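What's in data_2.csv: CSV, C-alpha atoms
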```
chain,number,residue,atom,x,y,z
L,138,MET,CA,-34.8,19.7,23.1
L,139,THR,CA,-33.0,16.9,21.4
L,140,SER,CA,-33.8,13.3,22.1
L,141,THR,CA,-31.4,10.8,23.6
L,142,ARG,CA,-33.5,7.8,22.4
L,143,ARG,CA,-31.4,4.8,21.5
L,144,SER,CA,-32.3,1.6,19.6
L,145,TRP,CA,-31.9,-1.1,22.2
L,146,PRO,CA,-32.1,-3.4,24.1
L,147,ARG,CA,-29.6,-5.9,22.9
L,148,SER,CA,-29.4,-9.4,24.3
L,149,THR,CA,-27.0,-8.3,27.0
L,150,ASP,CA,-29.4,-5.6,28.0
L,151,TRP,CA,-32.2,-8.1,28.4
L,152,LEU,CA,-30.0,-10.2,30.7
L,153,TRP,CA,-29.0,-7.2,32.8
L,154,LEU,CA,-32.6,-6.0,33.1
L,155,GLY,CA,-33.8,-9.4,34.1
L,156,GLY,CA,-31.1,-9.8,36.7
L,157,ALA,CA,-31.9,-6.3,38.1
L,158,ALA,CA,-35.6,-7.2,38.3
L,159,LEU,CA,-34.8,-10.4,40.1
L,160,VAL,CA,-32.4,-8.7,42.6
L,161,PHE,CA,-35.0,-6.0,43.5
L,162,ALA,CA,-37.7,-8.6,43.8
L,163,CYS,CA,-35.6,-10.4,46.4
L,164,LEU,CA,-34.9,-7.1,48.1
L,165,ASP,CA,-38.6,-6.2,48.2
L,166,PHE,CA,-39.4,-9.7,49.6
L,167,GLY,CA,-36.8,-9.1,52.4
L,168,LEU,CA,-38.3,-5.7,53.2
L,169,PHE,CA,-41.7,-7.2,53.3
L,170,LEU,CA,-40.5,-9.8,55.9
L,171,ALA,CA,-38.9,-7.0,57.9
L,172,ALA,CA,-41.8,-4.5,57.8
L,173,GLY,CA,-44.6,-7.0,58.2
L,174,PRO,CA,-47.9,-7.4,56.3
L,175,THR,CA,-50.3,-4.6,55.5
L,176,THR,CA,-53.6,-4.4,57.4
L,177,GLY,CA,-56.0,-2.8,54.9
L,178,PHE,CA,-58.8,-4.3,52.9
L,179,LEU,CA,-56.4,-5.1,50.0
L,180,GLY,CA,-54.9,-7.8,52.1
L,181,PRO,CA,-51.6,-8.5,53.9
L,182,TYR,CA,-49.5,-8.8,50.7
L,183,ALA,CA,-50.7,-5.5,49.0
L,184,THR,CA,-47.3,-3.8,49.4
L,185,LEU,CA,-45.4,-6.9,48.2
L,186,VAL,CA,-47.6,-7.4,45.1
L,187,LEU,CA,-47.3,-3.7,44.2
L,188,GLU,CA,-43.5,-3.7,44.5
L,189,LEU,CA,-43.2,-7.0,42.5
L,190,VAL,CA,-45.4,-5.6,39.7
L,191,CYS,CA,-43.1,-2.5,39.5
L,192,ASP,CA,-40.0,-4.8,39.5
L,193,ALA,CA,-41.4,-6.8,36.7
L,194,SER,CA,-42.2,-3.7,34.7
L,195,LEU,CA,-38.4,-3.2,34.3
L,196,LEU,CA,-38.5,-5.9,31.6
L,197,LEU,CA,-41.0,-3.8,29.6
L,198,LEU,CA,-38.9,-0.6,29.9
L,199,ALA,CA,-37.2,-1.0,26.6
L,200,ARG,CA,-40.4,-1.2,24.6
L,201,PHE,CA,-42.8,0.9,26.7
L,202,PRO,CA,-40.8,3.5,28.7
L,203,ASN,CA,-43.8,5.9,29.0
L,204,ALA,CA,-46.0,3.2,30.4
L,205,VAL,CA,-43.5,2.1,32.9
L,206,ALA,CA,-42.9,5.7,34.0
L,207,GLY,CA,-46.7,6.1,34.4
L,208,LEU,CA,-46.9,2.9,36.5
L,209,LEU,CA,-44.2,4.3,38.8
L,210,ILE,CA,-46.0,7.6,39.2
L,211,ALA,CA,-49.3,5.8,39.9
L,212,ALA,CA,-47.7,3.4,42.4
L,213,SER,CA,-46.0,6.4,44.1
L,214,LEU,CA,-49.3,8.3,44.3
L,215,ALA,CA,-51.1,5.2,45.8
L,216,MET,CA,-48.3,4.7,48.4
L,217,LEU,CA,-48.4,8.4,49.3
L,218,ALA,CA,-52.2,8.4,49.6
L,219,SER,CA,-52.0,5.3,51.8
L,220,ASP,CA,-49.4,6.8,54.0
L,221,LEU,CA,-51.4,10.1,54.4
L,222,PHE,CA,-55.0,8.9,54.5
L,223,SER,CA,-55.1,5.2,55.2
L,224,PRO,CA,-52.0,3.9,57.1
L,225,GLY,CA,-51.5,0.2,56.6
L,226,LEU,CA,-53.4,-0.1,53.3
L,227,LEU,CA,-50.3,-0.1,51.1
L,228,VAL,CA,-47.5,1.1,53.4
L,229,PRO,CA,-47.1,-0.9,56.6
L,230,ALA,CA,-47.9,1.2,59.7
L,231,ARG,CA,-45.6,-0.8,62.0
L,232,GLN,CA,-42.4,1.0,61.0
L,233,PRO,CA,-41.6,4.5,60.0
L,234,THR,CA,-41.8,5.1,56.2
L,235,LEU,CA,-38.5,5.8,54.4
L,236,MET,CA,-39.8,6.2,50.9
L,237,THR,CA,-43.1,6.5,49.3
L,238,VAL,CA,-41.9,5.4,45.8
L,239,PRO,CA,-41.2,1.8,44.7
L,240,THR,CA,-37.7,0.5,45.4
L,241,ILE,CA,-37.1,-0.1,41.7
L,242,THR,CA,-37.4,3.7,41.0
L,243,PRO,CA,-33.6,4.5,40.8
L,244,ILE,CA,-33.0,1.8,38.2
L,245,VAL,CA,-36.0,2.8,36.1
L,246,LEU,CA,-35.1,6.5,36.1
L,247,ALA,CA,-31.5,5.8,35.3
L,248,GLN,CA,-32.6,3.8,32.2
L,249,LEU,CA,-35.2,6.4,31.2
L,250,VAL,CA,-32.3,8.7,30.5
L,251,ARG,CA,-31.5,6.6,27.5
L,252,GLN,CA,-35.2,6.3,26.4
L,253,LEU,CA,-36.9,9.6,26.8
L,254,ASP,CA,-36.2,13.1,25.6
L,255,ARG,CA,-34.7,15.4,28.2
L,256,ARG,CA,-37.7,17.6,29.0
L,257,ARG,CA,-40.1,14.6,29.6
L,258,LEU,CA,-37.5,12.9,31.7
L,259,LEU,CA,-37.0,15.9,33.9
L,260,TRP,CA,-40.8,16.3,34.4
L,261,ILE,CA,-41.1,12.6,35.4
L,262,ALA,CA,-38.0,12.7,37.7
L,263,GLY,CA,-39.1,16.0,39.3
L,264,PHE,CA,-42.6,14.7,40.0
L,265,LEU,CA,-41.3,11.5,41.5
L,266,ALA,CA,-38.8,13.5,43.6
L,267,LEU,CA,-41.7,15.7,44.9
L,268,LEU,CA,-43.7,12.6,45.9
L,269,ALA,CA,-40.6,10.9,47.5
L,270,THR,CA,-39.3,13.9,49.5
L,271,ARG,CA,-42.7,15.4,50.5
L,272,PRO,CA,-41.4,19.0,50.9
L,273,TRP,CA,-44.6,20.1,52.6
L,274,ASN,CA,-43.7,17.8,55.5
L,275,PRO,CA,-39.9,17.3,55.5
L,276,ALA,CA,-38.4,14.7,57.8
L,277,TRP,CA,-35.1,12.9,58.2
L,278,ASN,CA,-36.7,9.6,57.2
L,279,THR,CA,-38.2,10.8,53.9
L,280,THR,CA,-36.4,13.7,52.3
L,281,PRO,CA,-32.8,12.3,52.1
L,282,PHE,CA,-34.0,8.9,50.9
L,283,GLY,CA,-36.4,10.5,48.5
L,284,LEU,CA,-33.5,12.5,46.9
L,285,LEU,CA,-31.2,9.4,46.8
L,286,SER,CA,-33.9,7.4,45.0
L,287,THR,CA,-34.9,10.0,42.4
L,288,ALA,CA,-32.7,13.0,41.8
L,289,LEU,CA,-29.3,11.3,42.4
L,290,PRO,CA,-29.7,8.4,39.8
L,291,VAL,CA,-31.0,10.8,37.2
L,292,ALA,CA,-28.1,13.2,37.7
L,293,VAL,CA,-25.5,10.4,37.6
L,294,ALA,CA,-27.1,8.8,34.5
L,295,LEU,CA,-27.3,12.2,32.7
L,296,TYR,CA,-23.6,12.7,33.4
L,297,PHE,CA,-22.5,9.4,32.0
L,298,GLU,CA,-24.8,9.7,29.0
L,299,ALA,CA,-23.4,13.2,28.2
L,300,ARG,CA,-19.8,11.8,28.6
L,301,ARG,CA,-20.7,8.9,26.3
L,302,GLN,CA,-22.0,11.3,23.7
L,303,LEU,CA,-19.0,13.5,24.0
L,304,LEU,CA,-16.6,10.6,23.6
L,305,SER,CA,-18.6,9.3,20.6
L,306,SER,CA,-18.5,12.8,19.0
L,307,LEU,CA,-14.7,13.1,19.6
L,308,ARG,CA,-14.2,9.6,18.1
L,309,ASP,CA,-16.3,10.5,15.1
L,310,ARG,CA,-14.4,13.7,14.6
L,311,ALA,CA,-11.0,12.0,14.9
L,312,GLU,CA,-12.0,9.3,12.4
L,313,ARG,CA,-13.4,11.9,10.0
L,314,ALA,CA,-10.1,13.9,10.3
L,315,GLU,CA,-8.1,10.8,9.6
L,316,ARG,CA,-10.2,10.0,6.5
L,317,GLU,CA,-9.8,13.5,5.3
L,318,GLN,CA,-6.1,13.4,5.8
L,319,HIS,CA,-5.9,10.1,4.0
L,320,LEU,CA,-7.9,11.5,1.1
L,321,LEU,CA,-5.7,14.5,0.9
L,322,ALA,CA,-2.6,12.3,0.8
L,323,GLU,CA,-4.2,10.2,-2.0
L,324,GLN,CA,-5.0,13.3,-3.9
L,325,ALA,CA,-1.5,14.6,-3.6
L,326,LEU,CA,-0.1,11.3,-4.6
L,327,ALA,CA,-2.4,11.1,-7.6
L,328,ALA,CA,-1.4,14.6,-8.7
L,329,GLU,CA,2.3,13.8,-8.4
L,330,ARG,CA,1.9,10.7,-10.4
L,331,ARG,CA,0.0,12.6,-13.1
L,332,ARG,CA,2.7,15.2,-13.2
L,333,LEU,CA,5.4,12.5,-13.5
L,334,ALA,CA,3.4,10.8,-16.3
L,335,SER,CA,3.0,14.1,-18.2
L,336,GLU,CA,6.8,14.9,-17.9
L,337,MET,CA,7.7,11.4,-19.0
L,338,HIS,CA,5.3,11.6,-21.9
L,339,ASP,CA,6.4,15.1,-23.0
L,340,VAL,CA,10.2,14.6,-22.7
L,341,VAL,CA,11.2,11.0,-22.9
L,342,THR,CA,8.6,10.0,-25.5
L,343,HIS,CA,9.7,12.9,-27.7
L,344,ARG,CA,13.4,11.9,-27.6
L,345,LEU,CA,12.6,8.2,-28.2
L,346,SER,CA,10.4,9.1,-31.2
L,347,LEU,CA,13.2,11.1,-32.7
L,348,MET,CA,15.6,8.2,-32.2
L,349,VAL,CA,13.3,5.8,-33.9
L,350,LEU,CA,12.7,8.2,-36.8
L,351,HIS,CA,16.5,8.8,-37.2
L,352,ALA,CA,17.2,5.0,-37.1
L,353,GLY,CA,14.5,4.4,-39.7
L,354,ALA,CA,15.9,7.1,-42.0
L,355,LEU,CA,19.4,5.7,-41.6
L,356,GLY,CA,18.2,2.2,-42.5
L,357,VAL,CA,16.6,3.6,-45.7
L,358,THR,CA,19.4,5.8,-46.8
L,359,SER,CA,22.5,3.8,-45.9
L,360,PRO,CA,23.9,1.4,-48.7
L,361,ASP,CA,25.8,-0.7,-46.1
L,362,PRO,CA,23.7,-3.9,-45.2
L,363,SER,CA,25.3,-4.1,-41.7
L,364,VAL,CA,24.4,-0.5,-41.1
L,365,LYS,CA,20.8,-1.2,-42.3
L,366,SER,CA,20.6,-4.2,-39.9
L,367,ALA,CA,21.9,-2.2,-37.0
L,368,ALA,CA,19.6,0.7,-37.8
L,369,GLU,CA,16.6,-1.7,-37.9
L,370,ASP,CA,17.6,-3.2,-34.6
L,371,ILE,CA,17.8,0.3,-33.1
L,372,ARG,CA,14.4,1.3,-34.6
L,373,ARG,CA,12.8,-1.9,-33.3
L,374,GLU,CA,14.1,-1.6,-29.8
L,375,GLY,CA,13.2,2.1,-29.7
L,376,ALA,CA,9.7,1.2,-30.8
L,377,HIS,CA,9.5,-1.4,-28.0
L,378,ALA,CA,10.8,1.2,-25.5
L,379,LEU,CA,8.1,3.6,-26.6
L,380,ASP,CA,5.5,0.9,-26.0
L,381,GLU,CA,6.8,0.2,-22.6
L,382,LEU,CA,7.0,3.9,-21.8
L,383,ARG,CA,3.4,4.4,-22.8
L,384,ASP,CA,2.5,1.4,-20.6
L,385,LEU,CA,4.2,2.9,-17.6
L,386,VAL,CA,2.6,6.3,-18.2
L,387,GLY,CA,-0.8,4.6,-18.3
L,388,VAL,CA,0.0,2.9,-14.9
L,389,LEU,CA,1.1,6.2,-13.4
L,390,ARG,CA,-2.2,7.7,-14.7
L,391,ASN,CA,-4.1,4.9,-13.0
L,392,GLY,CA,-7.7,6.0,-12.7
L,393,THR,CA,-7.9,8.2,-15.7
L,394,GLY,CA,-10.0,5.6,-17.5
L,395,ILE,CA,-7.5,5.3,-20.4
L,396,GLU,CA,-5.3,2.2,-20.8
L,397,PRO,CA,-2.4,2.8,-23.2
L,398,PRO,CA,-2.7,0.9,-26.5
L,399,VAL,CA,-0.2,-1.9,-26.7
L,400,PRO,CA,-0.5,-3.5,-30.2
L,401,ASN,CA,1.9,-6.4,-29.4
L,402,PRO,CA,2.0,-7.1,-25.7
L,403,PRO,CA,4.7,-9.4,-24.4
L,404,LEU,CA,3.1,-12.9,-24.2
L,405,PRO,CA,4.6,-16.3,-23.9
L,406,GLY,CA,6.0,-16.1,-27.4
L,407,GLU,CA,8.3,-13.3,-26.4
L,408,VAL,CA,9.0,-14.9,-23.0
L,409,ALA,CA,10.2,-17.9,-25.1
L,410,ASP,CA,12.6,-15.5,-26.9
L,411,LEU,CA,14.0,-14.5,-23.5
L,412,VAL,CA,14.4,-18.2,-22.6
L,413,ALA,CA,16.1,-18.9,-25.9
L,414,GLU,CA,18.6,-16.0,-25.3
L,415,SER,CA,19.4,-17.5,-21.9
L,416,VAL,CA,20.0,-20.9,-23.4
L,417,ALA,CA,22.2,-19.4,-26.1
L,418,VAL,CA,24.6,-17.9,-23.5
L,419,GLY,CA,24.9,-21.3,-21.7
L,420,ILE,CA,22.1,-21.2,-19.1
L,421,ALA,CA,20.0,-24.4,-19.3
L,422,THR,CA,16.5,-22.8,-19.1
L,423,GLU,CA,13.1,-24.5,-19.2
L,424,LEU,CA,9.8,-22.7,-19.9
L,425,SER,CA,6.4,-23.9,-18.6
L,426,VAL,CA,3.2,-22.2,-19.7
L,427,THR,CA,-0.3,-23.2,-18.5
L,428,GLY,CA,-3.6,-21.6,-19.0
L,429,ASP,CA,-5.1,-19.1,-21.4
L,430,ARG,CA,-2.7,-16.2,-22.1
L,431,THR,CA,-5.5,-14.0,-23.3
L,432,SER,CA,-7.0,-13.9,-19.8
L,433,VAL,CA,-4.8,-11.0,-18.7
L,434,SER,CA,-4.5,-7.4,-19.9
L,435,PRO,CA,-1.6,-6.2,-22.0
L,436,THR,CA,-0.3,-4.1,-19.0
L,437,VAL,CA,-0.1,-7.2,-16.8
L,438,ALA,CA,1.4,-9.3,-19.6
L,439,ARG,CA,4.1,-6.7,-20.1
L,440,THR,CA,4.8,-6.6,-16.3
L,441,ALA,CA,5.2,-10.4,-16.4
L,442,TYR,CA,7.6,-10.1,-19.3
L,443,ARG,CA,9.7,-7.6,-17.3
L,444,VAL,CA,9.8,-9.9,-14.3
L,445,VAL,CA,11.2,-12.8,-16.4
L,446,GLN,CA,13.6,-10.5,-18.2
L,447,GLU,CA,15.1,-9.1,-15.0
L,448,ALA,CA,15.3,-12.5,-13.4
L,449,LEU,CA,17.1,-14.1,-16.3
L,450,THR,CA,19.5,-11.1,-16.5
L,451,ASN,CA,20.3,-11.6,-12.8
L,452,ILE,CA,20.9,-15.3,-13.3
L,453,ARG,CA,23.4,-14.7,-16.2
L,454,LYS,CA,25.2,-12.1,-14.0
L,455,HIS,CA,25.4,-13.9,-10.7
L,456,ALA,CA,24.9,-17.7,-11.3
L,457,PRO,CA,26.9,-18.8,-14.3
L,458,GLY,CA,26.7,-22.5,-15.0
L,459,CYS,CA,23.3,-23.0,-13.2
L,460,SER,CA,20.1,-24.3,-14.6
L,461,ALA,CA,16.8,-22.3,-14.5
L,462,THR,CA,13.1,-22.7,-14.9
L,463,VAL,CA,10.5,-20.2,-15.9
L,464,SER,CA,6.8,-20.8,-15.1
L,465,LEU,CA,3.8,-18.8,-16.3
L,466,ARG,CA,0.5,-20.0,-15.0
L,467,TYR,CA,-2.6,-18.1,-16.4
L,468,HIS,CA,-5.9,-18.4,-14.6
L,469,PRO,CA,-9.1,-16.4,-14.4
L,470,GLY,CA,-7.8,-14.4,-11.4
L,471,GLY,CA,-4.6,-13.3,-13.2
L,472,LEU,CA,-1.1,-14.6,-13.8
L,473,ASP,CA,1.5,-16.3,-11.5
L,474,VAL,CA,5.1,-15.9,-12.6
L,475,ALA,CA,8.0,-17.9,-11.1
L,476,VAL,CA,11.7,-17.9,-12.1
L,477,ALA,CA,14.1,-20.2,-10.2
L,478,ASN,CA,17.7,-21.2,-10.6
L,479,THR,CA,20.0,-23.7,-9.1
L,480,ARG,CA,23.3,-23.1,-7.4
L,481,ALA,CA,26.1,-21.6,-9.6
L,482,THR,CA,28.7,-24.0,-10.7
L,483,ARG,CA,31.4,-21.4,-11.3
L,484,PRO,CA,32.2,-18.0,-9.9
L,485,PRO,CA,30.5,-15.0,-11.7
L,486,ASP,CA,32.4,-12.7,-13.9
L,487,ALA,CA,33.4,-9.7,-11.8
L,488,ALA,CA,33.0,-7.2,-14.7
L,489,LEU,CA,29.6,-8.5,-15.6
L,490,ALA,CA,28.3,-8.9,-12.0
L,491,GLY,CA,29.3,-5.3,-11.3
L,492,THR,CA,27.1,-3.8,-14.0
L,493,GLY,CA,23.7,-2.4,-13.2
L,494,SER,CA,22.3,0.0,-10.6
L,495,GLY,CA,21.7,-2.7,-7.9
L,496,ALA,CA,18.0,-1.7,-7.7
L,497,GLY,CA,16.6,-4.3,-10.2
L,498,LEU,CA,14.6,-6.3,-7.6
L,499,SER,CA,13.3,-3.2,-5.9
L,500,GLY,CA,12.3,-1.8,-9.2
L,501,LEU,CA,10.5,-5.0,-10.1
L,502,ARG,CA,8.7,-5.0,-6.8
L,503,GLN,CA,7.5,-1.4,-7.4
L,504,ARG,CA,6.4,-2.3,-11.0
L,505,VAL,CA,4.5,-5.3,-9.8
L,506,GLU,CA,2.8,-3.4,-7.0
L,507,LEU,CA,1.8,-0.6,-9.4
L,508,VAL,CA,-0.4,-3.0,-11.2
L,509,GLY,CA,-1.9,-4.4,-8.0
L,510,GLY,CA,0.2,-7.6,-7.7
L,511,SER,CA,2.6,-9.0,-5.1
L,512,PHE,CA,6.3,-9.8,-5.4
L,513,GLU,CA,8.7,-12.0,-3.5
L,514,ALA,CA,12.4,-12.9,-4.0
L,515,GLY,CA,14.8,-15.0,-2.0
L,516,PRO,CA,17.0,-18.0,-1.7
L,517,ALA,CA,15.6,-21.3,-2.9
L,518,PRO,CA,15.9,-24.5,-0.9
L,519,GLY,CA,19.1,-26.3,-1.7
L,520,GLY,CA,20.8,-23.2,-3.0
L,521,GLY,CA,20.0,-20.9,-5.9
L,522,PHE,CA,17.5,-18.1,-6.0
L,523,LYS,CA,13.8,-17.8,-6.7
L,524,ILE,CA,11.7,-14.8,-7.9
L,525,GLY,CA,7.9,-15.0,-7.9
L,526,ALA,CA,5.1,-12.5,-8.8
L,527,ILE,CA,1.3,-12.9,-8.4
L,528,LEU,CA,-0.4,-10.5,-10.9
L,529,PRO,CA,-4.1,-9.6,-11.3
L,530,ALA,CA,-5.9,-10.2,-14.6
L,531,TYR,CA,-6.4,-6.4,-14.9
L,532,VAL,CA,-4.9,-3.3,-13.4
L,533,PRO,CA,-7.3,-2.1,-10.6
L,534,THR,CA,-8.4,1.5,-10.9
L,535,THR,CA,-8.9,4.1,-8.2
L,536,GLU,CA,-12.6,4.0,-8.8
L,537,GLY,CA,-12.6,0.4,-7.6
L,538,ALA,CA,-13.2,-1.2,-11.0
L,539,ALA,CA,-10.7,-3.4,-12.6
L,540,ARG,CA,-9.6,-2.7,-16.2
```
Can you give me the file's structure in the form of structure tokens?
Amino acid sequence: MTSTRRSWPRSTDWLWLGGAALVFACLDFGLFLAAGPTTGFLGPYATLVLELVCDASLLLLARFPNAVAGLLIAASLAMLASDLFSPGLLVPARQPTLMTVPTITPIVLAQLVRQLDRRRLLWIAGFLALLATRPWNPAWNTTPFGLLSTALPVAVALYFEARRQLLSSLRDRAERAEREQHLLAEQALAAERRRLASEMHDVVTHRLSLMVLHAGALGVTSPDPSVKSAAEDIRREGAHALDELRDLVGVLRNGTGIEPPVPNPPLPGEVADLVAESVAVGIATELSVTGDRTSVSPTVARTAYRVVQEALTNIRKHAPGCSATVSLRYHPGGLDVAVANTRATRPPDAALAGTGSGAGLSGLRQRVELVGGSFEAGPAPGGGFKIGAILPAYVPTTEGAAR
């Protein structure tokens, strides 16, 4: 048989047991006053002392359940022997006897359900029920009260204990099923991301590589300096696009243990180029950089570059004539990026504002969240707009380590 033993009591159990012992001690004192003293050689308070000892044993039930059960059995045998062979010794002879077990018996048996294995509990409860009901001499004033004080509390306690175990089992199964479902979803998501990364690497990288090679060949073979310059620009931008594509593929393969090599990650020098481009088209832009820029990984640095690039592009489209500030704050925990602009001083160009897919900010949010950061964008106080991103120092992996 399996055991139902539980590691208790807790502090609340001690309070409950102490309160129950005090209540039953008061009850036994009241019964003693109603029934009168005993008349045997043990003295007039023999019954009261025996009942109070059994009540106090409730405090030891958590640590010594077998000893408390043995005390109940011994007290019950003594009360039965007194009632049968020496009336008045332990059971007052003045009034008819209702029970020959201590009054604390129902509480002790109910708590033993949580302390003893099922077979031992049933043996103890059965023996106490035999002593309490006295089937060899059944009577209206012994048998019903004997069953109520022994069999009934055990049956009720067993029911509630079985119900508690069933609910706990169902809860554990539900939590396990939820964890398995979440794991399956994560596995499916990881497989889909790996598939997308493979397709991007196989298809897009191949085409971009061809473009870079053709541009390089054109720059070498063409005698026209303007064509050579344009070809070099195409080759350089294509190479940057390849770097960014490898970066994105590495993020999609998050957890593979391989971070894509980025020989020239975008750091404040290149962000300064973005600011210079913004100033060149008439947007007064200031750049503020604090901290050690080497404290973040190339992937995070490239994400910050993309945030600044998209923010300045939106400013040029939608807020002509404004002024802007770009802030990069490097710290041991990562990188904080903020781009803010004031209110536009003239209406935006309709043709320029209508370009783009309209998903720039949502794309930025997804890119920032892919590297484990947070993104926010919204109106700035006093007009204008503000974009901010909080990026980690390294991209967290699925194994829980940070790269």
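Counting from atom CA of L:Asp473, the distance to atom CA of L:Leu528 is 6.1 Å.
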Point to revise | Spatial neighbours of stretch 260-267 of chain L, 7 Å, all atoms listed in the file, chain gap at least 6 places, as a PyMOL selection string | key: chain L and resi 210+283-284+287-288
Review point. What lies within 12 Å of L:Val250 using only C-alpha atoms, ignoring chain neighbours under 4 positions off, as a VMD selection string?
Key: chain L and resid 140 to 143 198 to 199 202 to 203 206 243 to 246 254 to 259 261 to 262 290 to 299
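Between atom CA of L:Leu217 and atom CA of L:Pro281 the separation is 16.3 Å.
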Check your understanding: atom CA of L:Pro469 to atom CA of L:Ser432: how many Å, to one decimal?
Key -> 6.3 Å
Exercise for review: Find the residue from L:Asn451, L:Thr237, L:Ser425, L:Thr479 that sits nearest to L:Ala517; use only C-alpha atoms when measuring.
Suggested key: L:Thr479
